[in-house]
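Q: Shown below is the structure under consideration.
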Amino acid sequence: MSAIAVTLLKVLFLALLWAFVLSCAGIIKTDLFGRTVQASEIPRELERPKKKRKRFRAKKGQPRKLAIISGEQQGISADLTEAPIRIGRGADAQINLDDDYVSTRHAQVLADDDGGWYIEDLGSTNGTYVNGQRITLPTTITLADQVRIGRTQLKLEA
């Protein structure tokens with residue numbers, strides 16, 4: 001093979017090598033800093049109609065609030081008329097528990113159609129307990145039941 005052909009192959013190989021290196025650098029830059037998105041490319045969320053919240057009027061002897069009965073935040077309560085009541089460490093929780101054993105969105109208390117209340121675990125790591133039993137499904141709670149989330153005990157109060 002002639003010297004010119006060998007030199008031409010070397011230059012071509014070098015050009016391909018630089019193209020590969022620059023391509024890798026561009027991919028790394030995109031991974032680190034993201035890509036520029038034009039305003040026309042951003043999907044718009046559909047406007048959702050606001051749900052009307054049901055206002056519950058508790059009858060005499062019926063639960064009116066969910067209160068913390070033991071734990072570091074004893075005495076804090078949430079009004080059941082603001083159902084659903086979310087419990088957890090997150091900022092959107094009505095009962096915000098400062099406990100290492102509580103998930104950000106741990107559980108919620110909801111009203112059923114018959115005027116009763118039930119608690120639902122929201123996939124927490126350490127679980128939600130009603131009267132010492134870990135629950136996996138929505139469970140009805142009454143004034144006599146105690147709910148444990150992390151190191152905190154909660155109870156419905158009239």
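Following the order of the structure tokens, first chain is A, next is B, and so on, with residues numbered from 1 inside each chain and ligands from 1 in the order they appear.
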Quick one: DSSP strand (DSSP E) residues in chain A, as a VMD selection string?

A: chain A and resid 65 to 70 77 to 79 85 to 88 95 to 96 107 to 111 117 to 121 128 to 130 133 to 135 139 to 141 146 to 149 152 to 157

Q: Output as number ranges by chain all residues of range 3-114 of chain A that backbone DSSP marks as alpha helix (DSSP H).

A: A: 3-33

Q: Report, in Å to a single decimal, how far apart CA of Ile68 in chain A and CA of Pro84 in chain A are.

A: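 CA of Ile68 in chain A lies at a distance of 16.6 Å from CA of Pro84 in chain A.
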
Q: Determine, counting only C-alpha atoms, which protein, DNA and RNA residues have an atom within 6 Å of an atom of range 128-134 of chain A; residues of the same chain fewer than 4 positions away are not included. Present the result as a PyMOL selection string.

A: chain A and resi 121+146-149

Q: What is the CA of Asp98 in chain A-CA of Leu143 in chain A distance in Å, reported with one decimal?

A: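 Taking CA of Asp98 in chain A as the start and CA of Leu143 in chain A as the end point, the length is 24.4 Å.
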
Q: For Leu66 in chain A, find every residue with an atom within 12 Å (counting only C-alpha atoms), except residues of its own chain fewer than 3 positions away, and show them as a ChimeraX atom specification.

A: /A:62-63,69,74-87,94-95,108-110,117-119,141-143,145-147,153-158

Q: Would you please work out which residue, of A:Gln73, A:Ser2, A:Ser124, A:Ser40, is nearest to Asp99 in chain A when using only C-alpha atoms?

A: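 Ranking A:Gln73, A:Ser2, A:Ser124, A:Ser40 by distance to Asp99 in chain A, first place goes to A:Gln73.
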